[in-house]
Amino acid sequence: MENTGTPTSPQFDALELNPFGLDVSGSFASKDSELYTYAFECADIDGDGDVDFLGTLTDYSGDVAFHEMYWCENTGSATNPSFAPPVLEPFGLLPSADGAQYGGLSFSLEAADLDQDGDLDLLQSLYFSGPVAANSVCQYFENTGSASAPSFAASANNPFGLLAGINLPNNNLGVRSIQFSDIDGDGDLDFFANNIFGYGFPEGYVMEYQENISPVEVNELDAPSFELYPNPATTTIRFDWGELEVLAATISDASGAQVMQCNPARTEANIEHLADGIYLLSLETEVGRFTSRFIKK
């Protein structure tokens, strides 16, 4: 449903099915009628300035349900999206080290720069645990590549002290959905989970929350030759690259989503259109990547 209104006065148009060529279920229908698409995420996973579509595919055809990931690249543009057919197991996202499919159902998928290194990582929740331990219900795939050339490491279960789904009775049922958001505005991503404990039970679904109490530090360029000012900024930020030869400069929001590109040949950028909050300026240079936070208010 397209918002044909404004950010402050939304008005939604009629419902459209399978927009922008996103007929995911149709793409897989010929393979097996027992395939279902549940979790999905819209994110600029390849860092080219437009939003791509990622999802998980669950297969019920065997005795044990399993899942795998797929990617539909946005081959259009940021303002005129068009999606390619799905590609299975993209960016090295094999479900396990030996390539065997995961047991269990993946109902929630999140792309977030959880370690704040300038690229998007992936996390998914499991509904029922399959071969994974009952308390390992949030799986983390670190992006060991880059923002523009992602490559994901093997999954880690419940990293960083995540405890979703293990503090309640019947925790072996797993977690239905997860969400990372800077809910308290302190510059790091906190964690929400919807526990599946209530399915068929009178207690109902339970919302769980964990505050990020030990944010990962961003490696910033510790040199006087690089300056970003003013900080906080309201309408314009200014740059002094010093002796750095900047190849690309991008700005991401607190969730890790790229919100704008800056011209490295210029000494300032207009940020008036950005919402108030914390942002990350990432520089690609000949000697490596450098980042710096700033506040828009």
# chains A, B, ... in the order shown; residues from 1 in each chain; ligands from 1
call {"tool": "residues_around", "arguments": {"residues": "range 80-87 of chain A", "least_positions_apart": "3", "cutoff": "6 Å", "atoms": "only C-alpha atoms", "output": "ChimeraX atom specification"}}
result
/A:20-21,70-77
call {"tool": "write_last_selection", "arguments": {"atoms": "N, CA and C atoms", "output": "compact mmCIF listing (two decimals), in the first residue's frame"}}
result
# COMPACT_ATOMS: atom_id res chain seq x y z
N PHE A 20 6.12 -4.55 -8.06
CA PHE A 20 7.50 -4.40 -8.53
C PHE A 20 8.10 -5.73 -8.98
N GLY A 21 7.25 -6.65 -9.44
CA GLY A 21 7.74 -7.94 -9.90
C GLY A 21 8.06 -8.93 -8.80
N TYR A 70 16.94 -16.56 0.67
CA TYR A 70 16.99 -16.13 -0.72
C TYR A 70 17.06 -14.61 -0.79
N TRP A 71 17.40 -14.11 -1.97
CA TRP A 71 17.60 -12.68 -2.20
C TRP A 71 17.02 -12.29 -3.54
N CYS A 72 16.22 -11.23 -3.57
CA CYS A 72 15.73 -10.65 -4.82
C CYS A 72 16.39 -9.28 -4.97
N GLU A 73 17.31 -9.16 -5.90
CA GLU A 73 18.01 -7.90 -6.07
C GLU A 73 17.09 -6.86 -6.71
N ASN A 74 17.19 -5.63 -6.22
CA ASN A 74 16.49 -4.51 -6.85
C ASN A 74 17.30 -4.09 -8.06
N THR A 75 16.85 -4.49 -9.25
CA THR A 75 17.55 -4.15 -10.49
C THR A 75 17.02 -2.85 -11.08
N GLY A 76 16.07 -2.22 -10.40
CA GLY A 76 15.58 -0.93 -10.83
C GLY A 76 16.38 0.18 -10.18
N SER A 77 15.70 1.03 -9.43
CA SER A 77 16.37 2.13 -8.75
C SER A 77 15.68 2.37 -7.42
call {"tool": "residues_around", "arguments": {"residues": "Pro7 in chain A", "least_positions_apart": "5", "cutoff": "12 Å", "atoms": "only C-alpha atoms", "output": "list in words"}}
result
Glu2, Phe12, His273, Leu274 and Ala275 of chain A
call {"tool": "write_last_selection", "arguments": {"atoms": "all heavy atoms", "output": "CSV table (one decimal), in the first residue's frame"}}
result
chain,number,residue,atom,x,y,z
A,2,GLU,N,0.8,2.0,-1.1
A,2,GLU,CA,1.7,3.2,-1.2
A,2,GLU,C,1.1,4.3,-0.3
A,2,GLU,O,-0.1,4.6,-0.3
A,2,GLU,CB,1.8,3.6,-2.6
A,2,GLU,CG,2.7,4.9,-2.8
A,2,GLU,CD,2.7,5.4,-4.2
A,2,GLU,OE1,2.0,4.8,-5.1
A,2,GLU,OE2,3.4,6.4,-4.5
A,12,PHE,N,-3.1,6.2,2.5
A,12,PHE,CA,-2.6,5.0,1.8
A,12,PHE,C,-3.6,4.6,0.6
A,12,PHE,O,-4.8,4.7,0.8
A,12,PHE,CB,-2.5,3.8,2.7
A,12,PHE,CG,-1.3,4.0,3.7
A,12,PHE,CD1,-1.6,4.5,5.0
A,12,PHE,CD2,-0.1,3.6,3.3
A,12,PHE,CE1,-0.5,4.7,5.9
A,12,PHE,CE2,1.0,3.8,4.2
A,12,PHE,CZ,0.8,4.3,5.5
A,273,HIS,N,16.7,17.2,5.3
A,273,HIS,CA,15.6,16.2,5.1
A,273,HIS,C,15.7,15.0,6.0
A,273,HIS,O,14.7,14.2,6.1
A,273,HIS,CB,15.7,15.7,3.6
A,273,HIS,CG,16.9,14.9,3.3
A,273,HIS,ND1,18.1,15.5,3.1
A,273,HIS,CD2,17.1,13.6,3.1
A,273,HIS,CE1,19.0,14.6,2.9
A,273,HIS,NE2,18.4,13.4,2.8
A,274,LEU,N,16.8,14.8,6.7
A,274,LEU,CA,16.9,13.7,7.6
A,274,LEU,C,16.2,13.9,8.9
A,274,LEU,O,16.1,15.0,9.4
A,274,LEU,CB,18.4,13.4,7.9
A,274,LEU,CG,19.3,13.0,6.8
A,274,LEU,CD1,20.7,12.8,7.3
A,274,LEU,CD2,18.8,11.8,6.0
A,275,ALA,N,15.6,12.8,9.4
A,275,ALA,CA,14.9,12.9,10.7
A,275,ALA,C,15.9,13.1,11.8
A,275,ALA,O,17.1,12.7,11.7
A,275,ALA,CB,14.1,11.6,11.0
call {"tool": "atom_distance", "arguments": {"atom1": "CA of Val51 in chain A", "atom2": "CA of Glu110 in chain A"}}
result
13.8 Å
call {"tool": "atom_distance", "arguments": {"atom1": "CA of Leu162 in chain A", "atom2": "CA of Asp115 in chain A"}}
result
13.7 Å
call {"tool": "closest_residue", "arguments": {"among": "A:Asp46, A:Asp13, A:Glu227, A:Glu268", "to": "Gly145 in chain A", "atoms": "only C-alpha atoms"}}
result
A:Asp46
call {"tool": "residues_around", "arguments": {"residues": "Thr267 in chain A", "least_positions_apart": "3", "cutoff": "7 Å", "atoms": "only C-alpha atoms", "output": "VMD selection string"}}
result
chain A and resid 238 to 240
call {"tool": "atom_distance", "arguments": {"atom1": "CA of Thr8 in chain A", "atom2": "CA of Thr235 in chain A"}}
result
19.2 Å
call {"tool": "residues_around", "arguments": {"residues": "range 153-159 of chain A", "least_positions_apart": "3", "cutoff": "6 Å", "atoms": "only C-alpha atoms", "output": "list of chain:residue names"}}
result
A:Ser136, A:Cys138, A:Gln139, A:Tyr140, A:Phe141, A:Glu142, A:Leu162
call {"tool": "residues_around", "arguments": {"residues": "Ala249 in chain A", "least_positions_apart": "4", "cutoff": "12 Å", "atoms": "only C-alpha atoms", "output": "mmCIF file with all heavy atoms, in the first residue's frame"}}
result
data_model
loop_
_atom_site.group_PDB
_atom_site.id
_atom_site.type_symbol
_atom_site.label_atom_id
_atom_site.label_comp_id
_atom_site.auth_asym_id
_atom_site.auth_seq_id
_atom_site.Cartn_x
_atom_site.Cartn_y
_atom_site.Cartn_z
ATOM 1 N N GLY A 47 24.445 -2.349 -0.794
ATOM 2 C CA GLY A 47 24.999 -1.006 -0.686
ATOM 3 C C GLY A 47 25.021 -0.205 -1.960
ATOM 4 O O GLY A 47 25.885 0.656 -2.141
ATOM 5 N N GLY A 118 29.671 -0.575 9.797
ATOM 6 C CA GLY A 118 29.351 0.073 8.529
ATOM 7 C C GLY A 118 28.684 -0.809 7.503
ATOM 8 O O GLY A 118 28.379 -0.339 6.405
ATOM 9 N N ALA A 147 29.915 -3.283 2.942
ATOM 10 C CA ALA A 147 28.575 -2.775 2.677
ATOM 11 C C ALA A 147 28.174 -2.990 1.230
ATOM 12 O O ALA A 147 26.996 -3.203 0.922
ATOM 13 C CB ALA A 147 28.504 -1.291 3.032
ATOM 14 N N PHE A 239 32.759 18.963 5.853
ATOM 15 C CA PHE A 239 33.840 17.985 5.914
ATOM 16 C C PHE A 239 35.178 18.661 5.670
ATOM 17 O O PHE A 239 35.286 19.621 4.903
ATOM 18 C CB PHE A 239 33.669 16.896 4.841
ATOM 19 C CG PHE A 239 32.258 16.399 4.667
ATOM 20 C CD1 PHE A 239 31.544 16.670 3.517
ATOM 21 C CD2 PHE A 239 31.650 15.662 5.671
ATOM 22 C CE1 PHE A 239 30.251 16.205 3.351
ATOM 23 C CE2 PHE A 239 30.357 15.192 5.520
ATOM 24 C CZ PHE A 239 29.655 15.473 4.357
ATOM 25 N N TRP A 241 38.517 16.617 4.700
ATOM 26 C CA TRP A 241 39.136 15.311 4.531
ATOM 27 C C TRP A 241 40.632 15.339 4.831
ATOM 28 O O TRP A 241 41.246 14.278 4.985
ATOM 29 C CB TRP A 241 38.929 14.781 3.121
ATOM 30 C CG TRP A 241 37.532 14.711 2.600
ATOM 31 C CD1 TRP A 241 37.121 15.037 1.337
ATOM 32 C CD2 TRP A 241 36.356 14.258 3.270
ATOM 33 N NE1 TRP A 241 35.774 14.833 1.183
ATOM 34 C CE2 TRP A 241 35.270 14.353 2.361
ATOM 35 C CE3 TRP A 241 36.097 13.803 4.555
ATOM 36 C CZ2 TRP A 241 33.972 14.003 2.697
ATOM 37 C CZ3 TRP A 241 34.794 13.458 4.908
ATOM 38 C CH2 TRP A 241 33.755 13.550 3.984
ATOM 39 N N LEU A 244 43.346 12.730 3.317
ATOM 40 C CA LEU A 244 42.678 11.507 2.861
ATOM 41 C C LEU A 244 42.139 11.676 1.445
ATOM 42 O O LEU A 244 41.562 12.710 1.107
ATOM 43 C CB LEU A 244 41.520 11.155 3.790
ATOM 44 C CG LEU A 244 41.861 10.520 5.135
ATOM 45 C CD1 LEU A 244 40.599 10.367 5.960
ATOM 46 C CD2 LEU A 244 42.520 9.169 4.928
ATOM 47 N N GLU A 245 42.319 10.646 0.632
ATOM 48 C CA GLU A 245 41.684 10.600 -0.682
ATOM 49 C C GLU A 245 40.422 9.759 -0.554
ATOM 50 O O GLU A 245 40.473 8.539 -0.542
ATOM 51 C CB GLU A 245 42.618 10.000 -1.727
ATOM 52 C CG GLU A 245 42.008 10.011 -3.126
ATOM 53 C CD GLU A 245 42.974 9.530 -4.186
ATOM 54 O OE1 GLU A 245 44.175 9.402 -3.886
ATOM 55 O OE2 GLU A 245 42.512 9.271 -5.318
ATOM 56 N N GLN A 258 21.442 2.665 4.813
ATOM 57 C CA GLN A 258 22.009 3.827 4.137
ATOM 58 C C GLN A 258 20.903 4.800 3.760
ATOM 59 O O GLN A 258 19.917 4.423 3.137
ATOM 60 C CB GLN A 258 22.777 3.388 2.893
ATOM 61 C CG GLN A 258 23.455 4.529 2.151
ATOM 62 C CD GLN A 258 24.229 4.048 0.942
ATOM 63 O OE1 GLN A 258 25.083 3.169 1.059
ATOM 64 N NE2 GLN A 258 23.932 4.586 -0.210
ATOM 65 N N VAL A 259 21.075 6.061 4.141
ATOM 66 C CA VAL A 259 20.038 7.061 3.893
ATOM 67 C C VAL A 259 20.452 8.105 2.871
ATOM 68 O O VAL A 259 19.594 8.770 2.295
ATOM 69 C CB VAL A 259 19.605 7.752 5.197
ATOM 70 C CG1 VAL A 259 18.925 6.769 6.132
ATOM 71 C CG2 VAL A 259 20.790 8.409 5.906
ATOM 72 N N MET A 260 21.745 8.275 2.627
ATOM 73 C CA MET A 260 22.166 9.213 1.590
ATOM 74 C C MET A 260 23.637 9.000 1.253
ATOM 75 O O MET A 260 24.390 8.401 2.031
ATOM 76 C CB MET A 260 21.915 10.675 2.012
ATOM 77 C CG MET A 260 22.710 11.154 3.201
ATOM 78 S SD MET A 260 22.399 12.922 3.595
ATOM 79 C CE MET A 260 23.187 13.748 2.189
ATOM 80 N N GLN A 261 23.999 9.475 0.079
ATOM 81 C CA GLN A 261 25.384 9.462 -0.355
ATOM 82 C C GLN A 261 25.880 10.898 -0.428
ATOM 83 O O GLN A 261 25.132 11.802 -0.793
ATOM 84 C CB GLN A 261 25.516 8.787 -1.723
ATOM 85 C CG GLN A 261 25.186 7.300 -1.711
ATOM 86 C CD GLN A 261 25.337 6.660 -3.084
ATOM 87 O OE1 GLN A 261 25.111 7.302 -4.105
ATOM 88 N NE2 GLN A 261 25.705 5.391 -3.106
ATOM 89 N N CYS A 262 27.139 11.096 -0.081
ATOM 90 C CA CYS A 262 27.750 12.417 -0.124
ATOM 91 C C CYS A 262 28.768 12.470 -1.260
ATOM 92 O O CYS A 262 29.408 11.461 -1.572
ATOM 93 C CB CYS A 262 28.438 12.741 1.197
ATOM 94 S SG CYS A 262 27.363 12.656 2.639
ATOM 95 N N ASN A 263 28.898 13.618 -1.848
ATOM 96 C CA ASN A 263 29.887 13.819 -2.903
ATOM 97 C C ASN A 263 31.232 14.107 -2.258
ATOM 98 O O ASN A 263 31.412 15.152 -1.623
ATOM 99 C CB ASN A 263 29.473 14.990 -3.798
ATOM 100 C CG ASN A 263 30.391 15.159 -4.995
ATOM 101 O OD1 ASN A 263 31.499 14.617 -5.032
ATOM 102 N ND2 ASN A 263 29.936 15.911 -5.981
ATOM 103 N N PRO A 264 32.204 13.181 -2.364
ATOM 104 C CA PRO A 264 33.487 13.402 -1.690
ATOM 105 C C PRO A 264 34.269 14.582 -2.235
ATOM 106 O O PRO A 264 35.232 15.029 -1.605
ATOM 107 C CB PRO A 264 34.232 12.081 -1.911
ATOM 108 C CG PRO A 264 33.598 11.474 -3.110
ATOM 109 C CD PRO A 264 32.161 11.907 -3.074
ATOM 110 N N ALA A 265 33.851 15.087 -3.399
ATOM 111 C CA ALA A 265 34.533 16.252 -3.962
ATOM 112 C C ALA A 265 34.034 17.560 -3.348
ATOM 113 O O ALA A 265 34.627 18.613 -3.556
ATOM 114 C CB ALA A 265 34.334 16.288 -5.485
ATOM 115 N N ARG A 266 32.944 17.480 -2.578
ATOM 116 C CA ARG A 266 32.393 18.677 -1.958
ATOM 117 C C ARG A 266 32.794 18.737 -0.490
ATOM 118 O O ARG A 266 33.211 17.745 0.105
ATOM 119 C CB ARG A 266 30.882 18.706 -2.100
ATOM 120 C CG ARG A 266 30.399 18.672 -3.561
ATOM 121 C CD ARG A 266 28.916 18.913 -3.650
ATOM 122 N NE ARG A 266 28.564 20.238 -3.125
ATOM 123 C CZ ARG A 266 27.313 20.714 -3.102
ATOM 124 N NH1 ARG A 266 26.326 19.969 -3.561
ATOM 125 N NH2 ARG A 266 27.056 21.913 -2.611
ATOM 126 N N THR A 267 32.639 19.909 0.099
ATOM 127 C CA THR A 267 33.044 20.108 1.489
ATOM 128 C C THR A 267 31.855 20.182 2.434
ATOM 129 O O THR A 267 32.031 20.420 3.626
ATOM 130 C CB THR A 267 33.866 21.401 1.627
ATOM 131 O OG1 THR A 267 33.080 22.514 1.156
ATOM 132 C CG2 THR A 267 35.143 21.306 0.808
ATOM 133 N N GLU A 268 30.628 19.952 1.930
ATOM 134 C CA GLU A 268 29.453 19.990 2.791
ATOM 135 C C GLU A 268 28.328 19.177 2.173
ATOM 136 O O GLU A 268 28.369 18.823 0.982
ATOM 137 C CB GLU A 268 28.991 21.434 3.025
ATOM 138 C CG GLU A 268 28.529 22.145 1.770
ATOM 139 C CD GLU A 268 28.085 23.573 2.059
ATOM 140 O OE1 GLU A 268 28.702 24.227 2.928
ATOM 141 O OE2 GLU A 268 27.121 24.018 1.413
ATOM 142 N N ALA A 269 27.330 18.854 2.998
ATOM 143 C CA ALA A 269 26.158 18.112 2.538
ATOM 144 C C ALA A 269 24.937 18.607 3.296
ATOM 145 O O ALA A 269 25.009 18.897 4.504
ATOM 146 C CB ALA A 269 26.340 16.616 2.758
ATOM 147 N N LEU A 280 25.718 7.719 11.065
ATOM 148 C CA LEU A 280 27.099 7.282 10.904
ATOM 149 C C LEU A 280 27.576 7.661 9.508
ATOM 150 O O LEU A 280 26.980 7.254 8.508
ATOM 151 C CB LEU A 280 27.202 5.768 11.091
ATOM 152 C CG LEU A 280 28.614 5.173 11.084
ATOM 153 C CD1 LEU A 280 29.345 5.538 12.370
ATOM 154 C CD2 LEU A 280 28.546 3.658 10.927
ATOM 155 N N LEU A 281 28.645 8.463 9.455
ATOM 156 C CA LEU A 281 29.295 8.789 8.191
ATOM 157 C C LEU A 281 30.395 7.775 7.945
ATOM 158 O O LEU A 281 31.288 7.599 8.784
ATOM 159 C CB LEU A 281 29.880 10.202 8.232
ATOM 160 C CG LEU A 281 30.734 10.610 7.022
ATOM 161 C CD1 LEU A 281 29.864 10.765 5.781
ATOM 162 C CD2 LEU A 281 31.513 11.887 7.307
ATOM 163 N N SER A 282 30.339 7.080 6.810
ATOM 164 C CA SER A 282 31.340 6.065 6.466
ATOM 165 C C SER A 282 32.121 6.520 5.244
ATOM 166 O O SER A 282 31.526 6.927 4.231
ATOM 167 C CB SER A 282 30.661 4.718 6.170
ATOM 168 O OG SER A 282 29.959 4.256 7.298
ATOM 169 N N LEU A 283 33.445 6.448 5.343
ATOM 170 C CA LEU A 283 34.323 6.853 4.248
ATOM 171 C C LEU A 283 35.054 5.637 3.706
ATOM 172 O O LEU A 283 35.604 4.841 4.479
ATOM 173 C CB LEU A 283 35.357 7.880 4.727
ATOM 174 C CG LEU A 283 34.858 9.125 5.454
ATOM 175 C CD1 LEU A 283 36.042 10.012 5.815
ATOM 176 C CD2 LEU A 283 33.850 9.885 4.614
ATOM 177 N N GLU A 284 35.050 5.499 2.396
ATOM 178 C CA GLU A 284 35.884 4.508 1.729
ATOM 179 C C GLU A 284 37.088 5.241 1.153
ATOM 180 O O GLU A 284 36.932 6.164 0.341
ATOM 181 C CB GLU A 284 35.114 3.798 0.617
ATOM 182 C CG GLU A 284 33.925 2.977 1.077
ATOM 183 C CD GLU A 284 34.337 1.683 1.751
ATOM 184 O OE1 GLU A 284 35.542 1.325 1.661
ATOM 185 O OE2 GLU A 284 33.479 1.032 2.367
ATOM 186 N N THR A 285 38.294 4.870 1.578
ATOM 187 C CA THR A 285 39.506 5.536 1.119
ATOM 188 C C THR A 285 40.489 4.499 0.607
ATOM 189 O O THR A 285 40.282 3.288 0.755
ATOM 190 C CB THR A 285 40.165 6.344 2.253
ATOM 191 O OG1 THR A 285 40.827 5.447 3.149
ATOM 192 C CG2 THR A 285 39.126 7.154 3.022
ATOM 193 N N ARG A 289 38.646 1.905 5.538
ATOM 194 C CA ARG A 289 37.357 2.521 5.855
ATOM 195 C C ARG A 289 37.443 3.235 7.196
ATOM 196 O O ARG A 289 38.038 2.731 8.148
ATOM 197 C CB ARG A 289 36.256 1.458 5.922
ATOM 198 C CG ARG A 289 34.947 1.986 6.478
ATOM 199 C CD ARG A 289 33.883 0.955 6.476
ATOM 200 N NE ARG A 289 33.487 0.611 5.125
ATOM 201 C CZ ARG A 289 32.493 -0.229 4.852
ATOM 202 N NH1 ARG A 289 31.831 -0.808 5.817
ATOM 203 N NH2 ARG A 289 32.185 -0.492 3.607
ATOM 204 N N PHE A 290 36.802 4.413 7.237
ATOM 205 C CA PHE A 290 36.764 5.187 8.458
ATOM 206 C C PHE A 290 35.327 5.655 8.686
ATOM 207 O O PHE A 290 34.588 5.904 7.722
ATOM 208 C CB PHE A 290 37.699 6.392 8.370
ATOM 209 C CG PHE A 290 39.124 6.029 8.096
ATOM 210 C CD1 PHE A 290 39.664 6.135 6.818
ATOM 211 C CD2 PHE A 290 39.937 5.568 9.113
ATOM 212 C CE1 PHE A 290 40.954 5.780 6.566
ATOM 213 C CE2 PHE A 290 41.245 5.205 8.864
ATOM 214 C CZ PHE A 290 41.769 5.331 7.584
ATOM 215 N N THR A 291 34.945 5.744 9.946
ATOM 216 C CA THR A 291 33.594 6.136 10.279
ATOM 217 C C THR A 291 33.587 7.175 11.387
ATOM 218 O O THR A 291 34.524 7.262 12.185
ATOM 219 C CB THR A 291 32.753 4.926 10.745
ATOM 220 O OG1 THR A 291 33.346 4.367 11.910
ATOM 221 C CG2 THR A 291 32.641 3.881 9.667
ATOM 222 N N SER A 292 32.516 7.960 11.427
ATOM 223 C CA SER A 292 32.340 8.940 12.487
ATOM 224 C C SER A 292 30.867 9.179 12.708
ATOM 225 O O SER A 292 30.100 9.277 11.739
ATOM 226 C CB SER A 292 33.036 10.262 12.117
ATOM 227 O OG SER A 292 32.914 11.199 13.158
#
